[in-house]
Each structure stands twice: as structure tokens, then as C-alpha cells.
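What follows is data.pdb (PDB, C-alpha atoms and all ligand atoms).
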ATOM      1  CA  MET A   1      65.714  34.881  -2.711
ATOM      2  CA  LYS A   2      66.724  35.186   0.933
ATOM      3  CA  GLU A   3      67.138  31.815   2.637
ATOM      4  CA  SER A   4      65.928  30.993   6.124
ATOM      5  CA  ILE A   5      67.775  27.912   7.344
ATOM      6  CA  ILE A   6      66.972  25.771  10.367
ATOM      7  CA  MET A   7      69.341  23.091  11.648
ATOM      8  CA  ILE A   8      67.960  20.630  14.195
ATOM      9  CA  GLY A   9      70.516  18.681  16.259
ATOM     10  CA  ALA A  10      73.231  21.223  15.545
ATOM     11  CA  ASN A  11      75.599  20.665  18.491
ATOM     12  CA  GLY A  12      77.121  17.362  17.360
ATOM     13  CA  GLN A  13      80.271  16.579  15.413
ATOM     14  CA  ILE A  14      78.840  17.338  11.953
ATOM     15  CA  GLY A  15      76.307  19.995  12.956
ATOM     16  CA  THR A  16      78.959  22.184  14.589
ATOM     17  CA  GLU A  17      80.931  22.484  11.362
ATOM     18  CA  LEU A  18      78.041  22.362   8.903
ATOM     19  CA  ALA A  19      76.319  25.221  10.761
ATOM     20  CA  ALA A  20      79.503  27.309  10.551
ATOM     21  CA  ALA A  21      79.743  26.622   6.806
ATOM     22  CA  LEU A  22      76.074  27.533   6.271
ATOM     23  CA  ARG A  23      76.466  30.759   8.269
ATOM     24  CA  LYS A  24      79.452  31.691   6.130
ATOM     25  CA  LYS A  25      77.556  30.933   2.930
ATOM     26  CA  PHE A  26      74.129  32.371   3.741
ATOM     27  CA  GLY A  27      74.840  34.896   6.524
ATOM     28  CA  THR A  28      74.738  34.349  10.297
ATOM     29  CA  GLU A  29      71.345  36.060  10.566
ATOM     30  CA  ASN A  30      69.804  33.532   8.144
ATOM     31  CA  VAL A  31      70.811  30.337   9.983
ATOM     32  CA  VAL A  32      69.025  29.160  13.131
ATOM     33  CA  THR A  33      70.627  26.287  14.986
ATOM     34  CA  SER A  34      68.798  24.187  17.552
ATOM     35  CA  ASP A  35      69.535  21.274  19.815
ATOM     36  CA  ILE A  36      68.234  19.716  22.989
ATOM     37  CA  ARG A  37      70.954  21.603  24.938
ATOM     38  CA  GLN A  38      72.582  25.011  24.563
ATOM     39  CA  PRO A  39      75.960  24.940  22.775
ATOM     40  CA  GLN A  40      79.052  25.508  24.939
ATOM     41  CA  VAL A  41      80.288  28.392  22.842
ATOM     42  CA  PHE A  42      78.066  30.940  21.295
ATOM     43  CA  ALA A  43      79.366  33.600  18.908
ATOM     44  CA  GLU A  44      77.813  37.024  18.638
ATOM     45  CA  GLY A  45      74.814  37.241  16.330
ATOM     46  CA  GLU A  46      74.203  33.482  16.201
ATOM     47  CA  ILE A  47      70.599  32.413  16.638
ATOM     48  CA  PHE A  48      69.970  29.323  18.750
ATOM     49  CA  GLU A  49      66.766  27.689  19.995
ATOM     50  CA  THR A  50      66.647  24.877  22.554
ATOM     51  CA  ILE A  51      64.412  22.203  21.001
ATOM     52  CA  ASN A  52      63.792  18.503  21.492
ATOM     53  CA  VAL A  53      62.967  17.072  18.056
ATOM     54  CA  LEU A  54      60.422  14.798  19.756
ATOM     55  CA  ASP A  55      58.508  17.805  21.070
ATOM     56  CA  GLN A  56      55.958  18.358  18.309
ATOM     57  CA  ASP A  57      54.606  21.653  19.702
ATOM     58  CA  ALA A  58      58.069  23.155  20.029
ATOM     59  CA  LEU A  59      58.871  22.120  16.459
ATOM     60  CA  VAL A  60      55.664  23.667  15.130
ATOM     61  CA  ALA A  61      56.542  26.905  16.936
ATOM     62  CA  LEU A  62      60.079  26.818  15.473
ATOM     63  CA  PHE A  63      58.759  26.428  11.925
ATOM     64  CA  GLU A  64      56.143  29.144  12.437
ATOM     65  CA  LYS A  65      58.675  31.551  13.889
ATOM     66  CA  TYR A  66      61.375  31.184  11.226
ATOM     67  CA  LYS A  67      59.424  29.992   8.139
ATOM     68  CA  PRO A  68      62.373  27.964   6.854
ATOM     69  CA  THR A  69      63.298  27.606   3.191
ATOM     70  CA  GLN A  70      65.886  24.928   4.058
ATOM     71  CA  VAL A  71      65.964  22.435   6.927
ATOM     72  CA  TYR A  72      68.883  20.261   8.085
ATOM     73  CA  LEU A  73      67.899  17.459  10.458
ATOM     74  CA  LEU A  74      70.958  16.064  12.240
ATOM     75  CA  ALA A  75      69.469  14.923  15.562
ATOM     76  CA  ALA A  76      70.088  11.175  15.870
ATOM     77  CA  MET A  77      71.376   8.464  18.159
ATOM     78  CA  LEU A  78      74.407   6.716  16.631
ATOM     79  CA  SER A  79      75.294   3.043  16.366
ATOM     80  CA  ALA A  80      76.985   2.208  19.665
ATOM     81  CA  THR A  81      74.626   4.191  21.927
ATOM     82  CA  GLY A  82      71.727   2.879  19.853
ATOM     83  CA  GLU A  83      72.618  -0.682  20.876
ATOM     84  CA  GLN A  84      72.461   0.362  24.539
ATOM     85  CA  TYR A  85      69.077   2.052  24.109
ATOM     86  CA  PRO A  86      67.426   0.493  21.054
ATOM     87  CA  MET A  87      63.911   1.820  21.673
ATOM     88  CA  LYS A  88      65.178   5.339  22.351
ATOM     89  CA  ALA A  89      67.256   5.157  19.167
ATOM     90  CA  TRP A  90      64.245   4.090  17.112
ATOM     91  CA  ASP A  91      62.073   6.793  18.631
ATOM     92  CA  LEU A  92      64.571   9.628  18.205
ATOM     93  CA  ASN A  93      65.683   8.576  14.725
ATOM     94  CA  MET A  94      62.221   7.750  13.318
ATOM     95  CA  THR A  95      59.726   9.920  15.192
ATOM     96  CA  GLY A  96      62.148  12.838  14.916
ATOM     97  CA  LEU A  97      62.424  12.323  11.153
ATOM     98  CA  LEU A  98      58.669  11.966  10.623
ATOM     99  CA  ASN A  99      57.932  15.051  12.756
ATOM    100  CA  VAL A 100      60.284  17.114  10.615
ATOM    101  CA  LEU A 101      59.226  15.621   7.261
ATOM    102  CA  ASN A 102      55.551  16.381   7.929
ATOM    103  CA  LEU A 103      56.299  19.968   8.949
ATOM    104  CA  CYS A 104      58.504  20.432   5.879
ATOM    105  CA  VAL A 105      55.643  19.305   3.637
ATOM    106  CA  GLU A 106      53.147  21.522   5.474
ATOM    107  CA  HIS A 107      55.436  24.564   5.293
ATOM    108  CA  LYS A 108      56.498  23.877   1.704
ATOM    109  CA  VAL A 109      60.183  23.874   2.653
ATOM    110  CA  GLN A 110      62.248  24.076  -0.528
ATOM    111  CA  LYS A 111      65.182  21.823   0.407
ATOM    112  CA  VAL A 112      65.826  19.410   3.236
ATOM    113  CA  PHE A 113      68.991  17.554   4.279
ATOM    114  CA  TRP A 114      69.003  14.392   6.359
ATOM    115  CA  PRO A 115      72.087  12.214   6.838
ATOM    116  CA  SER A 116      72.083   8.475   6.399
ATOM    117  CA  SER A 117      75.064   6.248   7.143
ATOM    118  CA  ILE A 118      77.100   3.257   6.006
ATOM    119  CA  ALA A 119      75.201   1.558   8.858
ATOM    120  CA  VAL A 120      72.407   0.842   6.331
ATOM    121  CA  PHE A 121      74.577  -2.028   5.103
ATOM    122  CA  GLY A 122      74.710  -5.315   6.957
ATOM    123  CA  PRO A 123      76.481  -8.653   7.210
ATOM    124  CA  ASN A 124      75.226  -9.836   3.818
ATOM    125  CA  SER A 125      76.095  -6.637   1.947
ATOM    126  CA  PRO A 126      79.285  -6.913  -0.131
ATOM    127  CA  LYS A 127      82.255  -6.135   2.139
ATOM    128  CA  GLU A 128      84.489  -4.382  -0.405
ATOM    129  CA  ASN A 129      83.501  -1.549  -2.753
ATOM    130  CA  THR A 130      79.939  -1.833  -1.546
ATOM    131  CA  ASP A 131      77.620  -0.621  -4.256
ATOM    132  CA  GLN A 132      74.897   2.041  -4.030
ATOM    133  CA  TYR A 133      72.324  -0.732  -4.586
ATOM    134  CA  CYS A 134      72.945  -4.140  -3.044
ATOM    135  CA  VAL A 135      71.674  -6.430  -0.283
ATOM    136  CA  MET A 136      71.005  -4.231   2.743
ATOM    137  CA  ASP A 137      70.326  -6.102   5.963
ATOM    138  CA  PRO A 138      71.482  -3.843   8.831
ATOM    139  CA  ASN A 139      71.497  -5.547  12.208
ATOM    140  CA  THR A 140      71.875  -2.523  14.492
ATOM    141  CA  MET A 141      68.940  -0.362  15.575
ATOM    142  CA  TYR A 142      70.789   2.667  14.193
ATOM    143  CA  GLY A 143      71.242   0.989  10.782
ATOM    144  CA  ILE A 144      67.645  -0.237  10.739
ATOM    145  CA  SER A 145      66.370   3.280  11.522
ATOM    146  CA  LYS A 146      68.614   4.819   8.848
ATOM    147  CA  LEU A 147      67.440   2.328   6.214
ATOM    148  CA  ALA A 148      63.796   2.942   7.163
ATOM    149  CA  GLY A 149      64.554   6.691   7.013
ATOM    150  CA  GLU A 150      65.963   6.316   3.502
ATOM    151  CA  ARG A 151      62.760   4.600   2.391
ATOM    152  CA  LEU A 152      60.706   7.379   4.003
ATOM    153  CA  ILE A 153      62.590  10.257   2.387
ATOM    154  CA  GLU A 154      62.295   8.663  -1.037
ATOM    155  CA  TYR A 155      58.576   8.181  -0.365
ATOM    156  CA  TYR A 156      58.120  11.824   0.690
ATOM    157  CA  ASN A 157      59.991  12.949  -2.399
ATOM    158  CA  GLY A 158      57.739  10.887  -4.676
ATOM    159  CA  LYS A 159      54.420  11.474  -2.931
ATOM    160  CA  TYR A 160      54.768  15.069  -1.699
ATOM    161  CA  LYS A 161      57.546  16.320  -4.029
ATOM    162  CA  LEU A 162      59.616  17.215  -0.966
ATOM    163  CA  ASP A 163      63.154  17.952  -2.193
ATOM    164  CA  ILE A 164      65.037  16.053   0.461
ATOM    165  CA  ARG A 165      68.668  15.125  -0.135
ATOM    166  CA  SER A 166      70.876  12.705   1.731
ATOM    167  CA  ILE A 167      74.360  11.226   2.060
ATOM    168  CA  ARG A 168      75.366   7.896   3.595
ATOM    169  CA  TYR A 169      78.206   9.265   5.703
ATOM    170  CA  PRO A 170      81.058   6.919   6.516
ATOM    171  CA  GLY A 171      83.052   7.555   9.731
ATOM    172  CA  ILE A 172      83.811  11.272   9.947
ATOM    173  CA  ILE A 173      87.193  12.437  11.247
ATOM    174  CA  SER A 174      87.454  15.945  12.637
ATOM    175  CA  TRP A 175      89.128  18.029  15.338
ATOM    176  CA  LYS A 176      86.660  20.837  16.148
ATOM    177  CA  ALA A 177      83.896  18.825  17.880
ATOM    178  CA  GLN A 178      84.195  15.265  19.146
ATOM    179  CA  PRO A 179      81.885  12.498  17.898
ATOM    180  CA  GLY A 180      79.768  10.624  20.430
ATOM    181  CA  GLY A 181      78.266   7.165  20.540
ATOM    182  CA  GLY A 182      79.536   5.846  17.206
ATOM    183  CA  THR A 183      81.587   2.843  16.136
ATOM    184  CA  THR A 184      83.951   4.858  13.951
ATOM    185  CA  ASP A 185      84.762   7.251  16.858
ATOM    186  CA  TYR A 186      88.090   5.481  17.508
ATOM    187  CA  ALA A 187      89.501   7.260  14.441
ATOM    188  CA  VAL A 188      89.062  10.601  16.240
ATOM    189  CA  HIS A 189      89.831   9.515  19.834
ATOM    190  CA  ILE A 190      93.153   8.045  18.696
ATOM    191  CA  PHE A 191      94.469  11.527  17.821
ATOM    192  CA  TYR A 192      93.520  13.052  21.190
ATOM    193  CA  GLU A 193      95.167  10.178  23.061
ATOM    194  CA  ALA A 194      98.248  10.114  20.819
ATOM    195  CA  LEU A 195      98.901  13.785  21.554
ATOM    196  CA  LYS A 196      98.054  13.589  25.239
ATOM    197  CA  ASN A 197      99.487  10.219  26.325
ATOM    198  CA  ASN A 198     101.407   8.850  23.335
ATOM    199  CA  ARG A 199      99.248   5.733  23.497
ATOM    200  CA  TYR A 200      95.756   4.550  22.648
ATOM    201  CA  GLU A 201      93.792   1.409  23.429
ATOM    202  CA  CYS A 202      91.634   0.830  20.383
ATOM    203  CA  PHE A 203      88.221  -0.786  20.866
ATOM    204  CA  LEU A 204      88.353  -2.271  17.346
ATOM    205  CA  SER A 205      90.832  -4.936  16.234
ATOM    206  CA  GLU A 206      93.866  -3.918  14.197
ATOM    207  CA  ASN A 207      92.590  -5.188  10.842
ATOM    208  CA  THR A 208      89.046  -3.804  10.982
ATOM    209  CA  GLY A 209      88.753  -1.779   7.776
ATOM    210  CA  LEU A 210      86.056   0.900   7.581
ATOM    211  CA  PRO A 211      85.218   3.679   5.100
ATOM    212  CA  MET A 212      86.081   7.142   6.459
ATOM    213  CA  LEU A 213      85.951  10.771   5.425
ATOM    214  CA  TYR A 214      87.664  13.929   6.609
ATOM    215  CA  MET A 215      85.285  16.635   7.865
ATOM    216  CA  ASP A 216      86.403  19.241   5.313
ATOM    217  CA  ASP A 217      85.394  16.849   2.519
ATOM    218  CA  ALA A 218      82.141  15.943   4.288
ATOM    219  CA  ILE A 219      81.126  19.613   4.549
ATOM    220  CA  GLU A 220      82.129  20.446   1.001
ATOM    221  CA  GLY A 221      80.268  17.386  -0.310
ATOM    222  CA  THR A 222      77.134  18.223   1.664
ATOM    223  CA  LEU A 223      77.056  21.808   0.373
ATOM    224  CA  GLN A 224      77.722  20.533  -3.159
ATOM    225  CA  LEU A 225      74.813  18.074  -2.953
ATOM    226  CA  MET A 226      72.499  20.797  -1.621
ATOM    227  CA  ASP A 227      73.517  23.106  -4.499
ATOM    228  CA  ALA A 228      73.128  20.494  -7.240
ATOM    229  CA  PRO A 229      70.287  21.028  -9.711
ATOM    230  CA  LYS A 230      67.314  18.821  -8.868
ATOM    231  CA  GLU A 231      67.343  17.211 -12.311
ATOM    232  CA  SER A 232      70.878  15.901 -11.831
ATOM    233  CA  LEU A 233      69.954  13.806  -8.786
ATOM    234  CA  SER A 234      69.237  10.193  -9.729
ATOM    235  CA  ILE A 235      69.187   8.997  -6.100
ATOM    236  CA  ARG A 236      66.328  10.054  -3.836
ATOM    237  CA  SER A 237      67.200   7.735  -0.990
ATOM    238  CA  SER A 238      70.797   8.509   0.009
ATOM    239  CA  TYR A 239      74.131   8.732  -1.824
ATOM    240  CA  ASN A 240      77.142   6.530  -1.069
ATOM    241  CA  ILE A 241      80.203   8.704  -0.583
ATOM    242  CA  THR A 242      83.636   7.833   0.738
ATOM    243  CA  GLY A 243      87.055   9.368   1.264
ATOM    244  CA  ILE A 244      89.561   6.708   2.336
ATOM    245  CA  SER A 245      89.223   3.256   3.833
ATOM    246  CA  PHE A 246      91.690   2.147   6.460
ATOM    247  CA  THR A 247      92.181  -0.080   9.499
ATOM    248  CA  PRO A 248      93.266   1.000  13.023
ATOM    249  CA  LYS A 249      96.698  -0.440  12.182
ATOM    250  CA  ASP A 250      97.006   1.703   9.011
ATOM    251  CA  LEU A 251      96.035   4.810  10.986
ATOM    252  CA  ALA A 252      98.440   4.044  13.831
ATOM    253  CA  LEU A 253     101.316   3.615  11.339
ATOM    254  CA  GLU A 254     100.486   6.984   9.767
ATOM    255  CA  ILE A 255     100.378   8.678  13.194
ATOM    256  CA  LYS A 256     103.749   7.104  14.081
ATOM    257  CA  LYS A 257     105.316   8.851  11.081
ATOM    258  CA  ILE A 258     104.655  12.154  12.877
ATOM    259  CA  LEU A 259     104.704  10.964  16.523
ATOM    260  CA  PRO A 260     107.289   8.141  16.495
ATOM    261  CA  ASN A 261     106.726   7.187  20.160
ATOM    262  CA  PHE A 262     103.022   6.518  19.663
ATOM    263  CA  VAL A 263     101.893   3.031  20.776
ATOM    264  CA  ILE A 264      98.558   1.416  19.949
ATOM    265  CA  THR A 265      97.058  -1.574  21.766
ATOM    266  CA  TYR A 266      93.800  -3.363  21.057
ATOM    267  CA  SER A 267      91.074  -4.389  23.497
ATOM    268  CA  ASP A 268      89.152  -7.661  23.175
ATOM    269  CA  ASN A 269      85.422  -8.116  23.525
ATOM    270  CA  ASP A 270      84.181  -4.619  22.869
ATOM    271  CA  PRO A 271      80.589  -4.705  21.585
ATOM    272  CA  ARG A 272      81.470  -2.150  18.896
ATOM    273  CA  GLN A 273      83.590  -4.806  17.137
ATOM    274  CA  ALA A 274      80.460  -6.722  16.087
ATOM    275  CA  ILE A 275      78.935  -3.527  14.693
ATOM    276  CA  ALA A 276      82.076  -2.737  12.693
ATOM    277  CA  ASP A 277      82.225  -6.326  11.429
ATOM    278  CA  SER A 278      78.706  -5.985  10.022
ATOM    279  CA  TRP A 279      79.656  -2.898   7.951
ATOM    280  CA  PRO A 280      81.529  -2.619   4.653
ATOM    281  CA  SER A 281      85.269  -2.050   4.739
ATOM    282  CA  SER A 282      85.105   0.143   1.638
ATOM    283  CA  ILE A 283      82.300   1.580  -0.450
ATOM    284  CA  GLU A 284      81.832   2.633  -4.060
ATOM    285  CA  ASP A 285      80.629   6.187  -4.779
ATOM    286  CA  SER A 286      80.574   6.640  -8.575
ATOM    287  CA  THR A 287      76.901   7.753  -8.645
ATOM    288  CA  ALA A 288      77.681  10.757  -6.407
ATOM    289  CA  ARG A 289      80.732  11.541  -8.545
ATOM    290  CA  ASN A 290      78.682  11.401 -11.754
ATOM    291  CA  ASP A 291      75.516  13.133 -10.491
ATOM    292  CA  TRP A 292      76.973  16.079  -8.573
ATOM    293  CA  GLY A 293      80.731  15.985  -8.955
ATOM    294  CA  TRP A 294      81.666  14.427  -5.608
ATOM    295  CA  GLN A 295      85.454  14.408  -5.230
ATOM    296  CA  PRO A 296      87.203  14.063  -1.850
ATOM    297  CA  ARG A 297      90.545  15.823  -1.309
ATOM    298  CA  PHE A 298      91.945  14.260   1.856
ATOM    299  CA  ASP A 299      93.867  10.972   1.875
ATOM    300  CA  LEU A 300      95.158   9.224   4.993
ATOM    301  CA  ALA A 301      98.471  11.105   5.118
ATOM    302  CA  LYS A 302      96.874  14.511   4.606
ATOM    303  CA  LEU A 303      94.130  14.015   7.195
ATOM    304  CA  THR A 304      96.591  12.658   9.771
ATOM    305  CA  GLN A 305      98.811  15.678   9.329
ATOM    306  CA  ASP A 306      95.886  18.107   9.484
ATOM    307  CA  MET A 307      94.408  16.479  12.609
ATOM    308  CA  ILE A 308      97.707  16.565  14.494
ATOM    309  CA  GLU A 309      98.540  20.142  13.469
ATOM    310  CA  ASN A 310      95.131  21.440  14.525
ATOM    311  CA  LEU A 311      94.789  19.453  17.749
ATOM    312  CA  LYS A 312      98.262  20.554  18.870
ATOM    313  CA  THR A 313      97.146  24.177  18.871
ATOM    314  CA  LYS A 314      93.540  23.676  19.976
TER     315      LYS A 314
HETATM  316  C1  LIG B   1      78.720   5.539  13.771
HETATM  317  O1  LIG B   1      79.828   5.017  13.919
HETATM  318  O2  LIG B   1      77.687   5.155  14.335
HETATM  319  C2  LIG B   1      78.610   6.709  12.810
HETATM  320  C3  LIG B   1      78.227   6.274  11.434
HETATM  321  C4  LIG B   1      79.175   5.504  10.600
HETATM  322  O3  LIG B   1      77.147   6.548  11.010
HETATM  323  N1  LIG B   1      79.844   7.423  12.772
END
Go ahead and express the file in the form of C-alpha cells.
Amino acid sequence: MKESIIMIGANGQIGTELAAALRKKFGTENVVTSDIRQPQVFAEGEIFETINVLDQDALVALFEKYKPTQVYLLAAMLSATGEQYPMKAWDLNMTGLLNVLNLCVEHKVQKVFWPSSIAVFGPNSPKENTDQYCVMDPNTMYGISKLAGERLIEYYNGKYKLDIRSIRYPGIISWKAQPGGGTTDYAVHIFYEALKNNRYECFLSENTGLPMLYMDDAIEGTLQLMDAPKESLSIRSSYNITGISFTPKDLALEIKKILPNFVITYSDNDPRQAIADSWPSSIEDSTARNDWGWQPRFDLAKLTQDMIENLKTK
């Protein structure tokens, strides 16, 4: 059967690359991307609609026009910006999700993807190898909205049989599109600054460990989850997945192996430190491995090399 795919919030770090992967897999003519603003680059044949996910009428029109079989909802405000604008974060992350969930039920959409985050964990969650199920007490508006979203998608799956699938993304490292407004963003900015100025002032302290994932693995994992047979999915909230866990110091040492003159310094008193301190430093992902064969390929050395090679020629 021919797919009709809609991605909402497609211009961000993940959307940019996930949309490209979906176009390659399903055909450019079968993937409609949308965002609140036009993308900067626009390839021939790509279909784009300017949509605010909070605009109910515009969303209804989008669904009626394209009659989607699959929907990817990526529009969200991330952790650091969410702390600056908590009410806006709640509204975008929750009202946006509910708007899309209700339309997906109404239009009998076959499969839906919505990303959660390691931000669903909080200060009382285990710090190391954080389990799929454990104490979850997020203390950021972003984390609270993601945890509420997880409860909602499981509810919609049970009550309306909506086949919605989700991953708790850790920090995502990539070179094609920059992240914005997150706490894990340092792990991307560091590469730009290392290549441009040979130095980087990190907003997190040197020993702040966080779970991370290279974009290639994130995209492959997302497509794999969306392809998995329904019966194999034991989690209907959101799956823990991880690639590698490292600290700013570990990453700086790896960069120095390729750029020996690179210098990292650390700033004090950045509000993002408290967010990072409330999150796990590593997470456990055996359920994703068992249910749908999750298996990351990039370790710290490989991702560092790939980032530097690609950014040098960008
Ligand atoms: C953030 O830092 O807010 C995001 C995330 C971990 O969800 N990258």
C-alpha cells in the first residue's frame, strides 16, 4: 500500500535527517514536511507546508489534504528553552501532542511516531544504567511534558488502538542541522568551535556524564522501531535507547586526538548544569534490543572522527 507521510516540526536537528531518510525510503512525493517556518534549503520535488502545530484549523486542513497513513510529530520545545518559557513549553509540547493524537484517531492513521527524551528521568531516578521502569520525577517543564506525553500515548494506544511508537532519545550528535535549546547541545557545539577557533567554553562541568547517540544510529533505530511488527512491541510508552555515555572531558580528550591544539574550558553557574545533574549519566536499553533489535554502531571514537570529517567539508 502506498504511504502518505506527514512530519510536523520537520526543520529541527532530528526532523531534517529523519525526513531525508523517509523520503529515501518511501519516495519524495509521499513525504510532506511541515514546520512553523519554511526550511532554508528546499530540494526539487519536496513538499512542504507552513504549519503551527497549535493551529487546530491548519492541522485539520493538513490531514484532510494529505490523508496520512503515518505521522511523525517532532515539534517541541527542549529542556533549556523550556526553563525560560515554561508555559510556552507546556502548551507546545502538550497541546501540540493532543491536537495531533486526536486527528490521528479521527483519520485512522496507521502509525504515529512521537519522540520522548531522557528528560523523563529526574533527581531520584537511578543515575547509572537507568532502567526502562524506575522512579521518574522530572523537574524540568520539558521532562514533565515528555512524561505526561508518554502517559498519553500509552492511553491512546490502549483506548483508541492508535499505533503510536516512541523513543526516549538521549543527546543527539550530528553535523547536518544544529540542535537548539537543549542541555546536551554542548556535544555538537564543541565540534563547530574546535574546528573554527580551536577552543570551546563548555556550559557543563567536565565530569557531567550524559547518555548520547550519533544521528546515524538515531535515524536507523527510529526506522527500525517503525518497521517492527506490532506484536513485538512490549512498551507502549517510550523505549530507552542509548549509544555511548561520556562527559565533556572524555569528548574533549577524543577531539584532541585529532585536533591536538584544541583547548576546553568550563563555565560556572550555567542554568543547564542543574538540568544535566537531574538526568541519568547512562541508561539501560535491553528492552529495545530484545523487542526490535536495537543495536547502535557508533562509539565515541567513531562519532568524533565522523563529525570532524564532515564538518571540515561542510
Ligand atoms: C535536550 O537536551 O533538551 C534534548 C534531550 C535530551 O531531550 N537534547
Residues within 7 Å of ligand LIG 1 (chain B) should be enumerated using only C-alpha atoms and all ligand atoms and returned as a PyMOL selection string.
chain A and resi 78-80+117-119+169-172+181-185
Please write the residues picked by the PyMOL selection byres (((chain A and resi 276-286) around 7) and not hetatm) on this file as a PyMOL selection string.
chain A and resi 118-119+121-123+126-132+183+209-211+240-242+245+272-275+287-290
Residues in the PyMOL selection byres (((chain A and resi 196) around 12) and not hetatm), expressed as an NGL selection string
:A and (189-195 or 197-200 or 259 or 261-262 or 308 or 311-312)
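Note on the selection: in this file the PyMOL selection byres (((chain A and resi 232-239) around 6) and not hetatm) comes out as Glu150, Glu154, Ser166, Ile167, Arg168, Pro229, Lys230, Glu231, Asn240 and Asp291 of chain A.
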With region 213-222 of chain A as the partner and 12 Å as the cut-off, tabulate the residues of region 22-108 of chain A that qualify, each row holding the nearest pair of atoms and their distance in Å to one decimal, using all atoms listed in the file, sorted by chain and rising number, as CSV.
residue,atom,partner,partner_atom,distance
A:Leu22,CA,A:Ile219,CA,9.6
A:Lys25,CA,A:Glu220,CA,11.6
A:Tyr72,CA,A:Thr222,CA,10.7
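When CA of Leu59 (chain A) is paired with CA of Leu18 (chain A), their separation reads 20.6 Å.
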Tell me, as a tab-separated table (two decimals) with C-alpha atoms, in the coordinates of the input, which residues lie within 7 Å of Leu73 (chain A), counting all atoms listed in the file; anything in the same chain fewer than 6 positions away does not count.
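Okay, part.tsv is ready:
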chain	number	residue	atom	x	y	z
A	7	MET	CA	69.34	23.09	11.65
A	8	ILE	CA	67.96	20.63	14.20
A	9	GLY	CA	70.52	18.68	16.26
A	113	PHE	CA	68.99	17.55	4.28
A	114	TRP	CA	69.00	14.39	6.36
